Amino acid sequence: QVQLVESGGGLVQTGGSLRLSCAASGSIFGLNIMGWYRQAPGEQRELVARIAPTGNTVYASSVQGRFSISRNNAKNTCYLQMNSLKPEDTAVYYCNLYITREYDYWGQGTQVTVSS
């Protein structure tokens, strides 16, 4: 079993910054992709960014150039630096660790609220 613990969410004004952290623990094996997803009220969960063990990254077009994802493989941690935040970034942000379809883990979520 794998546990993911997120931290760093909160309330920020438009244009501000936040840094989310995700710490993974437990039976982590093999190569894994870590990522951040978000879900706004009434909306489906969507990919924000993900990062492979090699460091290759994928970003949603809506956050490209504003958000940056990174990871520390030795510490099993993942970070999301969010700059130039907009009200439409308001959502619950979830950390994800994907090994295989059977081993796909989620954190409990952290609220990010951007005020206008």
# chains A, B, ... in the order shown; residues from 1 in each chain; ligands from 1

call {"tool": "residues_around", "arguments": {"residues": "A:Ser27", "least_positions_apart": "3", "cutoff": "9 Å", "atoms": "only C-alpha atoms", "output": "number ranges by chain"}}
result
A: 1-3

call {"tool": "residues_around", "arguments": {"residues": "stretch 91-106 of chain A", "least_positions_apart": "2", "cutoff": "9 Å", "atoms": "only C-alpha atoms", "output": "PyMOL selection string"}}
result
chain A and resi 1-6+9+20-24+28-41+48+50+78+88-89+108-114

call {"tool": "select_by_dssp", "arguments": {"residues": "chain A", "states": "strand (DSSP E)", "output": "MDAnalysis selection string"}}
result
chainID A and resid 2:7 10:13 18:26 33:39 46:51 57:59 67:72 77:82 91:98 104:106 110:115

call {"tool": "closest_residue", "arguments": {"among": "A:Ala52, A:Glu43, A:Gly8, A:Leu18", "to": "A:Asn83", "atoms": "only C-alpha atoms"}}
result
A:Leu18

call {"tool": "residues_around", "arguments": {"residues": "stretch 63-67 of chain A", "least_positions_apart": "4", "cutoff": "6 Å", "atoms": "only C-alpha atoms", "output": "list in words"}}
result
Tyr59, Gln81, Met82 and Asn83 of chain A

call {"tool": "closest_residue", "arguments": {"among": "A:Leu85, A:Leu80, A:Ala74, A:Val12", "to": "A:Ala49", "atoms": "only C-alpha atoms"}}
result
A:Leu80

call {"tool": "residues_around", "arguments": {"residues": "A:Ser116", "least_positions_apart": "2", "cutoff": "7 Å", "atoms": "only C-alpha atoms", "output": "list in words"}}
result
Gln13, Thr14, Pro87 and Val114 of chain A

call {"tool": "atom_distance", "arguments": {"atom1": "atom CA of A:Gly42", "atom2": "atom CA of A:Thr57"}}
result
27.5 Å
